[in-house]
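K.L.:
As input, take run37.cif (mmCIF, C-alpha atoms and all ligand atoms):
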data_coords
loop_
_atom_site.label_atom_id
_atom_site.label_comp_id
_atom_site.auth_asym_id
_atom_site.auth_seq_id
_atom_site.Cartn_x
_atom_site.Cartn_y
_atom_site.Cartn_z
CA MET A 1 0.00 0.00 0.00
CA ASN A 2 1.18 3.54 -0.77
CA ARG A 3 1.51 6.12 1.95
CA GLY A 4 -1.97 7.57 2.45
CA PHE A 5 -3.22 10.98 3.47
CA ASN A 6 -3.46 10.57 7.21
CA PHE A 7 -6.15 12.66 8.93
CA SER A 8 -5.59 11.11 12.36
CA ALA A 9 -6.13 13.44 15.32
CA GLY A 10 -3.16 11.98 17.13
CA PRO A 11 -0.72 10.40 16.94
CA ALA A 12 -0.87 12.32 13.71
CA ALA A 13 0.84 12.53 10.34
CA MET A 14 4.47 13.60 10.28
CA PRO A 15 6.06 15.26 7.25
CA THR A 16 7.15 12.53 4.82
CA GLU A 17 10.52 14.25 4.32
CA VAL A 18 11.14 14.01 8.07
CA LEU A 19 10.37 10.30 8.19
CA GLU A 20 12.56 9.66 5.17
CA ARG A 21 15.44 11.49 6.74
CA ALA A 22 14.98 9.60 10.01
CA GLN A 23 14.95 6.38 8.00
CA GLU A 24 18.15 7.32 6.22
CA GLU A 25 19.88 8.19 9.47
CA LEU A 26 18.45 5.38 11.55
CA LEU A 27 21.41 3.02 11.45
CA ASN A 28 24.13 5.62 11.41
CA TRP A 29 23.26 8.97 12.90
CA ASN A 30 25.60 11.82 11.92
CA GLY A 31 28.43 9.43 11.17
CA ASN A 32 28.44 8.20 14.77
CA GLY A 33 28.10 4.58 13.68
CA CYS A 34 24.86 3.96 15.51
CA SER A 35 21.28 5.19 15.82
CA VAL A 36 20.48 8.27 17.86
CA MET A 37 18.26 5.87 19.83
CA GLU A 38 21.36 3.97 20.88
CA PHE A 39 23.43 7.05 21.69
CA GLY A 40 24.36 8.30 25.14
CA HIS A 41 22.55 11.45 26.17
CA ARG A 42 25.48 12.81 28.20
CA THR A 43 27.66 13.24 25.17
CA PRO A 44 28.65 16.43 23.35
CA GLU A 45 26.87 15.12 20.23
CA PHE A 46 23.54 14.65 21.96
CA GLU A 47 23.83 17.88 23.92
CA GLN A 48 24.41 19.69 20.68
CA LEU A 49 21.28 18.11 19.24
CA LEU A 50 19.30 19.18 22.30
CA ASP A 51 20.65 22.74 22.13
CA GLN A 52 19.88 22.99 18.42
CA THR A 53 16.36 21.61 18.91
CA GLU A 54 15.68 24.19 21.60
CA ALA A 55 17.21 26.99 19.53
CA ASP A 56 15.03 26.09 16.54
CA LEU A 57 11.89 26.02 18.66
CA ARG A 58 12.80 29.40 20.16
CA LYS A 59 13.25 30.79 16.68
CA LEU A 60 9.99 29.33 15.39
CA LEU A 61 7.88 30.62 18.29
CA ASN A 62 9.92 33.70 19.07
CA ILE A 63 10.41 32.60 22.68
CA PRO A 64 12.03 35.28 24.86
CA ASN A 65 15.07 34.40 26.97
CA HIS A 66 13.24 34.63 30.27
CA TYR A 67 11.15 31.62 29.27
CA ARG A 68 12.53 28.11 29.65
CA VAL A 69 11.90 25.27 27.23
CA LEU A 70 11.58 21.75 28.64
CA PHE A 71 11.41 18.46 26.78
CA MET A 72 9.63 16.26 29.26
CA HIS A 73 8.64 12.62 29.36
CA GLY A 74 5.00 11.69 29.21
CA SER A 75 1.95 13.27 27.73
CA ALA A 76 -0.26 16.28 28.08
CA SER A 77 -2.30 14.33 30.61
CA HIS A 78 0.74 14.34 32.93
CA GLN A 79 0.73 18.12 32.69
CA PHE A 80 -2.91 18.23 33.81
CA ALA A 81 -1.58 17.22 37.23
CA MET A 82 1.86 18.81 37.10
CA VAL A 83 0.59 22.32 36.54
CA PRO A 84 -1.53 22.50 39.73
CA MET A 85 1.08 20.49 41.66
CA ASN A 86 3.74 23.09 40.93
CA PHE A 87 1.66 26.24 40.91
CA LEU A 88 -0.91 25.82 43.68
CA ALA A 89 -0.40 25.77 47.45
CA PRO A 90 -3.19 24.64 49.78
CA GLY A 91 -5.73 27.45 49.86
CA ASP A 92 -4.78 28.75 46.44
CA THR A 93 -7.19 28.77 43.54
CA ALA A 94 -6.99 28.86 39.77
CA ASN A 95 -9.40 29.54 36.92
CA TYR A 96 -10.19 26.87 34.37
CA LEU A 97 -12.22 27.27 31.22
CA GLU A 98 -14.41 24.23 30.69
CA GLN A 99 -14.38 23.32 27.00
CA ALA A 100 -15.60 19.89 26.00
CA HIS A 101 -13.29 16.96 26.48
CA TRP A 102 -9.68 17.74 27.39
CA SER A 103 -10.19 20.66 29.73
CA LYS A 104 -12.58 18.55 31.79
CA LYS A 105 -9.76 16.12 32.42
CA ALA A 106 -7.44 18.99 33.33
CA ILE A 107 -10.04 20.34 35.76
CA LYS A 108 -10.50 16.95 37.38
CA GLU A 109 -6.76 16.65 38.04
CA ALA A 110 -6.47 20.22 39.32
CA GLN A 111 -9.32 19.63 41.75
CA ASN A 112 -7.14 17.08 43.53
CA PHE A 113 -4.85 19.91 44.59
CA ALA A 114 -6.99 22.98 45.13
CA LYS A 115 -10.43 24.49 44.87
CA ILE A 116 -10.79 25.36 41.21
CA HIS A 117 -12.94 28.13 39.76
CA VAL A 118 -14.60 26.77 36.62
CA GLN A 119 -15.93 29.06 33.90
CA ARG A 120 -18.00 27.57 31.09
CA GLY A 121 -16.04 28.08 27.88
CA PHE A 122 -18.34 26.65 25.20
CA GLN A 123 -22.00 27.18 24.36
CA GLN A 124 -24.48 26.06 21.74
CA THR A 125 -25.61 28.90 19.47
CA ASP A 126 -27.95 28.93 16.47
CA GLU A 127 -24.88 28.64 14.31
CA GLY A 128 -23.42 25.74 16.27
CA LEU A 129 -20.91 25.18 19.04
CA ALA A 130 -19.03 28.36 19.95
CA ILE A 131 -16.66 29.87 22.46
CA VAL A 132 -18.48 31.87 25.15
CA PRO A 133 -17.52 35.54 24.55
CA GLU A 134 -14.90 36.67 27.01
CA SER A 135 -17.08 39.61 28.10
CA GLU A 136 -19.39 37.01 29.71
CA TRP A 137 -16.72 35.18 31.69
CA GLN A 138 -16.65 35.49 35.44
CA LEU A 139 -13.20 34.70 36.73
CA ASP A 140 -11.79 34.63 40.22
CA ASP A 141 -9.27 37.48 40.37
CA ALA A 142 -7.42 35.66 43.15
CA GLY A 143 -6.70 32.77 40.79
CA LYS A 144 -3.04 32.03 40.25
CA TYR A 145 -3.62 31.45 36.55
CA LEU A 146 -6.25 30.91 33.88
CA HIS A 147 -6.06 27.53 32.17
CA PHE A 148 -7.54 27.09 28.72
CA THR A 149 -7.23 24.85 25.66
CA SER A 150 -6.32 26.90 22.61
CA ASN A 151 -7.70 24.26 20.23
CA GLU A 152 -10.25 21.71 21.39
CA THR A 153 -9.17 18.76 19.31
CA ILE A 154 -12.26 16.59 19.72
CA VAL A 155 -14.87 19.02 18.45
CA GLY A 156 -12.66 21.36 16.40
CA VAL A 157 -13.18 24.62 18.28
CA GLN A 158 -10.26 27.05 18.40
CA PHE A 159 -9.47 30.39 19.98
CA LYS A 160 -8.52 32.89 17.28
CA THR A 161 -6.39 34.91 19.72
CA GLU A 162 -5.34 34.64 23.33
CA PRO A 163 -7.89 35.66 25.98
CA GLU A 164 -7.43 39.25 27.20
CA ALA A 165 -7.84 38.30 30.87
CA PHE A 166 -4.95 37.05 32.97
CA ALA A 167 -2.33 38.38 30.58
CA GLY A 168 1.01 36.90 31.60
CA LYS A 169 -0.86 34.37 33.74
CA LEU A 170 -2.34 32.14 31.07
CA VAL A 171 -1.67 28.43 31.20
CA CYS A 172 -2.45 26.75 27.93
CA ASP A 173 -2.95 23.22 26.73
CA MET A 174 -1.65 23.84 23.21
CA CYS A 175 -1.37 20.19 22.15
CA SER A 176 -3.19 20.43 18.89
CA ASP A 177 -2.26 23.84 17.54
CA ILE A 178 1.23 24.64 18.79
CA LEU A 179 3.47 25.71 15.89
CA SER A 180 0.46 26.14 13.58
CA ARG A 181 0.56 29.95 13.91
CA PRO A 182 2.51 32.70 15.66
CA ILE A 183 1.66 33.28 19.33
CA ASP A 184 2.46 35.98 21.87
CA ILE A 185 4.50 34.01 24.40
CA GLU A 186 4.54 36.87 26.92
CA LYS A 187 0.83 36.37 27.55
CA TYR A 188 1.57 32.99 29.06
CA ALA A 189 2.89 31.69 32.35
CA LEU A 190 3.17 28.22 30.88
CA ILE A 191 2.36 26.39 27.65
CA TYR A 192 2.38 22.63 27.27
CA ALA A 193 1.92 20.42 24.26
CA GLY A 194 2.14 16.66 23.87
CA ALA A 195 4.31 15.97 20.85
CA GLN A 196 2.07 13.67 18.86
CA LYS A 197 0.08 16.27 16.94
CA ASN A 198 2.41 18.92 15.58
CA ILE A 199 5.84 18.05 16.97
CA GLY A 200 6.79 14.38 16.76
CA PRO A 201 6.07 11.01 18.33
CA SER A 202 3.96 10.42 21.44
CA GLY A 203 5.66 10.08 24.82
CA MET A 204 7.20 13.52 24.95
CA THR A 205 5.73 16.87 25.97
CA VAL A 206 7.17 20.30 25.30
CA VAL A 207 6.75 22.85 28.10
CA ILE A 208 7.45 26.57 27.79
CA VAL A 209 7.45 28.32 31.16
CA ARG A 210 8.40 31.75 32.46
CA GLU A 211 11.46 31.38 34.62
CA ASP A 212 10.65 33.90 37.36
CA LEU A 213 7.64 31.76 38.35
CA PHE A 214 9.96 29.03 39.61
CA GLU A 215 10.54 30.92 42.88
CA GLN A 216 6.91 30.66 43.92
CA MET A 217 6.47 27.05 42.91
CA GLN A 218 5.29 24.56 45.51
CA THR A 219 7.81 21.87 44.79
CA HIS A 220 8.55 20.43 48.23
CA ARG A 221 5.93 17.68 47.92
CA VAL A 222 6.30 17.17 44.18
CA PRO A 223 8.26 14.17 42.85
CA SER A 224 11.56 15.31 41.30
CA LEU A 225 10.63 14.37 37.76
CA PHE A 226 7.50 16.51 37.98
CA GLN A 227 9.22 19.66 39.25
CA TYR A 228 9.55 22.29 36.55
CA PRO A 229 12.39 24.19 38.27
CA LEU A 230 14.46 21.05 38.72
CA MET A 231 13.90 19.93 35.14
CA ALA A 232 14.92 23.38 33.93
CA GLN A 233 17.99 23.43 36.16
CA HIS A 234 19.09 20.17 34.54
CA LYS A 235 18.18 21.30 31.00
CA SER A 236 15.63 18.46 30.62
CA MET A 237 18.35 15.96 31.53
CA TYR A 238 17.74 15.24 35.20
CA ASN A 239 17.27 11.69 33.98
CA THR A 240 17.53 10.16 30.50
CA PRO A 241 15.47 12.46 28.30
CA PRO A 242 13.12 11.20 25.57
CA SER A 243 16.04 11.25 23.17
CA PHE A 244 14.45 9.78 20.06
CA GLY A 245 11.47 12.11 20.46
CA ILE A 246 13.83 15.07 20.77
CA TYR A 247 15.64 13.94 17.63
CA LEU A 248 12.41 13.66 15.61
CA ALA A 249 11.25 17.02 16.95
CA SER A 250 14.53 18.51 15.76
CA LEU A 251 13.82 17.23 12.24
CA VAL A 252 10.27 18.59 12.36
CA PHE A 253 11.51 22.01 13.55
CA GLU A 254 14.09 22.07 10.75
CA TRP A 255 11.38 21.16 8.26
CA LEU A 256 9.17 23.97 9.61
CA LEU A 257 11.98 26.49 9.25
CA GLU A 258 12.46 25.33 5.65
CA GLN A 259 8.75 25.92 5.01
CA GLY A 260 9.26 29.53 6.07
CA GLY A 261 8.42 29.21 9.77
CA VAL A 262 5.08 29.51 11.53
CA GLU A 263 3.95 32.60 9.60
CA ALA A 264 4.17 30.66 6.35
CA ILE A 265 2.68 27.51 7.83
CA GLU A 266 -0.24 29.52 9.24
CA LYS A 267 -1.09 30.74 5.74
CA ALA A 268 -0.94 27.19 4.41
CA ASN A 269 -3.08 25.98 7.32
CA GLN A 270 -5.69 28.65 6.70
CA GLN A 271 -5.83 27.79 3.04
CA LYS A 272 -6.32 24.09 3.79
CA ALA A 273 -9.04 24.77 6.35
CA GLN A 274 -10.85 27.21 4.10
CA LEU A 275 -10.91 24.70 1.25
CA LEU A 276 -12.50 22.08 3.47
CA TYR A 277 -14.99 24.32 5.31
CA ASP A 278 -16.06 25.91 2.00
CA ALA A 279 -16.79 22.45 0.61
CA ILE A 280 -18.80 21.56 3.73
CA ASP A 281 -20.74 24.85 3.72
CA ALA A 282 -21.49 24.60 0.00
CA SER A 283 -23.21 21.24 0.47
CA ILE A 284 -26.44 20.26 2.21
CA PHE A 285 -25.13 16.72 2.60
CA TYR A 286 -22.23 17.72 4.89
CA HIS A 287 -22.59 19.84 7.98
CA SER A 288 -20.19 21.56 10.36
CA PRO A 289 -21.42 21.55 13.96
CA VAL A 290 -19.19 24.51 14.87
CA ALA A 291 -20.07 28.23 14.58
CA LYS A 292 -17.96 29.97 11.93
CA ASP A 293 -16.02 32.24 14.29
CA SER A 294 -14.97 29.35 16.49
CA ARG A 295 -13.92 26.84 13.86
CA SER A 296 -10.54 25.17 14.16
CA ILE A 297 -8.03 25.27 11.34
CA MET A 298 -6.47 22.07 12.71
CA ASN A 299 -9.40 19.73 13.35
CA VAL A 300 -12.36 19.96 11.03
CA ALA A 301 -15.38 18.13 12.42
CA PHE A 302 -18.32 17.42 10.13
CA THR A 303 -21.33 15.16 9.91
CA LEU A 304 -23.15 13.48 7.04
CA SER A 305 -26.84 14.28 6.75
CA ASN A 306 -27.51 10.56 7.01
CA PRO A 307 -25.34 8.96 9.73
CA GLU A 308 -26.19 5.52 8.35
CA LEU A 309 -23.78 6.31 5.55
CA ASP A 310 -20.87 6.97 7.95
CA SER A 311 -19.33 3.53 7.70
CA MET A 312 -19.61 3.49 3.90
CA PHE A 313 -17.99 6.93 3.77
CA LEU A 314 -15.11 5.76 5.94
CA LYS A 315 -14.64 2.54 4.00
CA GLN A 316 -14.55 4.23 0.61
CA ALA A 317 -12.30 7.02 1.90
CA LYS A 318 -9.85 4.47 3.19
CA GLU A 319 -9.83 2.68 -0.17
CA GLN A 320 -8.70 5.98 -1.69
CA GLY A 321 -5.92 6.36 0.87
CA LEU A 322 -7.81 8.92 2.99
CA LEU A 323 -7.15 7.60 6.47
CA ALA A 324 -8.52 8.03 10.00
CA LEU A 325 -11.49 10.30 9.29
CA LYS A 326 -13.74 8.83 11.97
CA GLY A 327 -14.83 11.37 14.56
CA HIS A 328 -14.03 11.01 18.25
CA ARG A 329 -16.10 8.35 20.00
CA ASP A 330 -17.83 10.97 22.20
CA PHE A 331 -18.85 13.08 19.24
CA GLY A 332 -19.44 10.76 16.27
CA GLY A 333 -19.46 11.96 12.68
CA MET A 334 -16.21 12.70 10.92
CA ARG A 335 -13.13 14.66 11.80
CA ALA A 336 -10.34 15.59 9.44
CA SER A 337 -7.25 16.63 11.37
CA ILE A 338 -5.16 18.79 9.10
CA TYR A 339 -2.09 19.62 11.15
CA ASN A 340 1.06 21.18 9.72
CA ALA A 341 2.15 17.96 8.03
CA MET A 342 -1.06 17.60 5.98
CA SER A 343 -0.55 18.92 2.47
CA LEU A 344 -2.97 21.04 0.48
CA GLN A 345 -3.02 18.16 -1.99
CA GLY A 346 -4.25 15.86 0.78
CA VAL A 347 -7.11 18.22 1.63
CA GLN A 348 -7.96 18.68 -2.07
CA THR A 349 -8.08 14.89 -2.48
CA LEU A 350 -10.46 14.68 0.49
CA VAL A 351 -12.69 17.44 -0.89
CA ASP A 352 -12.82 15.73 -4.30
CA PHE A 353 -13.72 12.46 -2.63
CA MET A 354 -16.47 14.12 -0.54
CA ARG A 355 -18.06 15.68 -3.65
CA GLU A 356 -17.93 12.39 -5.49
CA PHE A 357 -19.41 10.51 -2.52
CA GLU A 358 -22.27 13.00 -2.21
CA ARG A 359 -22.98 12.78 -5.94
CA LYS A 360 -23.16 8.98 -5.91
CA VAL A 361 -25.35 8.35 -2.84
C1 LIG A 401 -4.28 14.97 22.44
C2 LIG A 401 -4.60 15.99 23.45
C3 LIG A 401 -4.39 15.77 24.83
C4 LIG A 401 -3.95 14.47 25.42
O1 LIG A 401 -2.76 13.98 25.10
P1 LIG A 401 -2.21 12.66 25.80
O2 LIG A 401 -0.87 12.55 25.19
O3 LIG A 401 -3.11 11.53 25.43
O4 LIG A 401 -2.18 12.90 27.24
C5 LIG A 401 -4.68 16.79 25.69
N1 LIG A 401 -5.13 17.97 25.25
C6 LIG A 401 -5.38 18.21 23.95
C7 LIG A 401 -5.91 19.54 23.54
C8 LIG A 401 -5.11 17.22 23.02
O5 LIG A 401 -5.34 17.47 21.72
#
Would you mind writing the file out in structure tokens?
P.N.:
Amino acid sequence: MNRGFNFSAGPAAMPTEVLERAQEELLNWNGNGCSVMEFGHRTPEFEQLLDQTEADLRKLLNIPNHYRVLFMHGSASHQFAMVPMNFLAPGDTANYLEQAHWSKKAIKEAQNFAKIHVQRGFQQTDEGLAIVPESEWQLDDAGKYLHFTSNETIVGVQFKTEPEAFAGKLVCDMCSDILSRPIDIEKYALIYAGAQKNIGPSGMTVVIVREDLFEQMQTHRVPSLFQYPLMAQHKSMYNTPPSFGIYLASLVFEWLLEQGGVEAIEKANQQKAQLLYDAIDASIFYHSPVAKDSRSIMNVAFTLSNPELDSMFLKQAKEQGLLALKGHRDFGGMRASIYNAMSLQGVQTLVDFMREFERKV
């Protein structure tokens, strides 16, 4: 079978060029005579790779020097607990926006550590699911931070810009749209993103955190590996880091820089999303459940007017090499995840298939 167009929400498609390069270098990385997977992390060669990976990420996201970059083991779900563990002392509180699936899990973990102020983040409108306007939010001013999910992967709802509130004190689950567009890092206390959507393989999470916050962190009861200050002090190498994940991330970052960086990739992402949403809106057979202003350019959810055709749609799509279009189990319908690595050609092929499917049924 040829390599298909992979619309998986995560683990998600990686750029083919990156995988080819990793394949080429797998047995003999950089002339070292072995794979990077088999290479000691406390070596000048690996440290150079780590430094370069961090430098490329800083360049891509324009990360100021007073922010630290950590390459941590584990997934975003680890961060759901690590953020409150590090930031909140007994008696402290924090604000959490409740937005469908992932933020609910983050809230549940945070509630193990402190009393959490929850603000509803999503609402149903005539046009579909939408972000509650910020003017209607009621936040607790005493909160140490405001946690939100920039792109809700399951339903395909995305913030177009950062919230105005809690500037400098935002904590963001940016798993599914990090590196898809420029962001204003200074608005954030901390950003975390599991690698498997826009960065690399699962099992690694990138954390960007403002360094001066370390002083106030509540680390005395936190296991070493979960302490942000300690991980930063050891440059992500308190223990063996996720070295193969770091290596693949380095190739992805290089690839992104070659594409022209996040400004260029944002344009490409918008073009891809527009093509798909236009096709959905132009048809009465396909329907987007999300209000226009809140639609994600990373995860495009849509339904067929007759759900009984879902399995036929998926089967025929797969036969054409259009993979993993099934919606999340909690939501149903379809979802096309079109992260950075998805080409315009892939989206065009999907749109052509959708038109043809509609015409035939
Ligand atoms: C995928 C995803 C997660 C969960 O990632 P895990 O690696 O499974 O913990 C959390 N938040 C968002 C927004 C996601 O897209």
K.L.:
Do you know which residues are at most 8 Å from range 280-286 of chain A counting all atoms listed in the file, after dropping those on the same chain fewer than 6 positions away, and could you put them as an mmCIF file with C-alpha atoms, keeping the file's coordinate frame?
P.N.:
data_model
loop_
_atom_site.group_PDB
_atom_site.id
_atom_site.type_symbol
_atom_site.label_atom_id
_atom_site.label_comp_id
_atom_site.auth_asym_id
_atom_site.auth_seq_id
_atom_site.Cartn_x
_atom_site.Cartn_y
_atom_site.Cartn_z
ATOM 1 C CA PHE A 302 -18.320 17.420 10.130
ATOM 2 C CA THR A 303 -21.330 15.160 9.910
ATOM 3 C CA LEU A 304 -23.150 13.480 7.040
ATOM 4 C CA SER A 305 -26.840 14.280 6.750
ATOM 5 C CA ASN A 306 -27.510 10.560 7.010
ATOM 6 C CA GLU A 358 -22.270 13.000 -2.210
#
K.L.:
Ranking A:Val155, A:Ala273, A:Leu225, A:Ala130 by minimum distance to ligand LIG 401 (chain A) and counting all atoms listed in the file, which one comes first?
P.N.:
A:Val155
K.L.:
Can you tell me which residues surround Ser180 in chain A at a distance of at most 8 Å, considering all atoms listed in the file, apart from same-chain residues fewer than 5 positions away, and format the answer as a list in words?
P.N.:
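So the residues in contact are Asn198, Val262, Ile265, Glu266, Asn269, Tyr339 and Asn340 of chain A.
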K.L.:
Can you report as lines of an AutoDock Vina configuration file the centre and edge lengths in Å, to one decimal, of an axis-aligned box around the listed atoms of range 209-215 of chain A padded with 3 Å on each side?
P.N.:
center_x = 9.5
center_y = 31.1
center_z = 37.0
size_x = 10.0
size_y = 11.6
size_z = 17.7
K.L.:
For Cys175 in chain A, please output as a PDB file with C-alpha atoms, keeping the file's coordinate frame all residues within 9 Å (counting only C-alpha atoms; exclusion window: fewer than 4 positions along the same chain).
P.N.:
ATOM      1  CA  ALA A  76      -0.260  16.280  28.080  1.00  0.00           C
ATOM      2  CA  THR A 149      -7.230  24.850  25.660  1.00  0.00           C
ATOM      3  CA  SER A 150      -6.320  26.900  22.610  1.00  0.00           C
ATOM      4  CA  ASN A 151      -7.700  24.260  20.230  1.00  0.00           C
ATOM      5  CA  THR A 153      -9.170  18.760  19.310  1.00  0.00           C
ATOM      6  CA  TYR A 192       2.380  22.630  27.270  1.00  0.00           C
ATOM      7  CA  ALA A 193       1.920  20.420  24.260  1.00  0.00           C
ATOM      8  CA  GLY A 194       2.140  16.660  23.870  1.00  0.00           C
ATOM      9  CA  ALA A 195       4.310  15.970  20.850  1.00  0.00           C
ATOM     10  CA  GLN A 196       2.070  13.670  18.860  1.00  0.00           C
ATOM     11  CA  LYS A 197       0.080  16.270  16.940  1.00  0.00           C
ATOM     12  CA  ASN A 198       2.410  18.920  15.580  1.00  0.00           C
ATOM     13  CA  THR A 205       5.730  16.870  25.970  1.00  0.00           C
TER      14      THR A 205
END
K.L.:
Just the residues within 9 Å of Arg68 in chain A, please, counting all atoms listed in the file, with nothing from its chain fewer than 5 positions along; format it as a PyMOL selection string.
P.N.:
chain A and resi 63+207-211+232+235
K.L.:
Just the number, please: distance in Å from CA of Gly203 in chain A to CA of Arg221 in chain A, one decimal.
P.N.:
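Straight-line distance from CA of Gly203 in chain A to CA of Arg221 in chain A works out to 24.3 Å.
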K.L.:
Distance CA of Asn6 in chain A-CA of Leu323 in chain A, one decimal place?
P.N.:
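Result for CA of Asn6 in chain A versus CA of Leu323 in chain A: 4.8 Å, one decimal.
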K.L.:
Pick from A:Ala22, A:Met204, A:Leu276, A:Leu325: nearest to ligand LIG 401 (chain A), with only C-alpha atoms and all ligand atoms counted?
P.N.:
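Going through A:Ala22, A:Met204, A:Leu276, A:Leu325 one by one, the smallest distance to ligand LIG 401 (chain A) is for A:Met204.
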K.L.:
Would you mind reading off the distance between CA of Asn112 in chain A and CA of Pro163 in chain A, one decimal, in Å?
P.N.:
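One can read the CA of Asn112 in chain A to CA of Pro163 in chain A distance as 25.6 Å.
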K.L.:
Using all atoms listed in the file, can you tell me which of A:Phe214, A:Tyr96, A:Trp102, A:Tyr228 comes closest to ligand LIG 401 (chain A)?
P.N.:
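Selected residue with least distance to ligand LIG 401 (chain A): A:Trp102.
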K.L.:
Could you list, as an NGL selection string, every residue within 8 Å of Ser296 in chain A, counting only C-alpha atoms and ignoring same-chain residues fewer than 2 positions away?
P.N.:
:A and (151 or 156-159 or 273 or 294 or 298-300)
K.L.:
So, counting all atoms listed in the file, which residue among A:Lys326, A:His147, A:Arg58, A:Lys187 is closest to ligand LIG 401 (chain A)?
P.N.:
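Among the listed residues, the smallest separation from ligand LIG 401 (chain A) belongs to A:His147.
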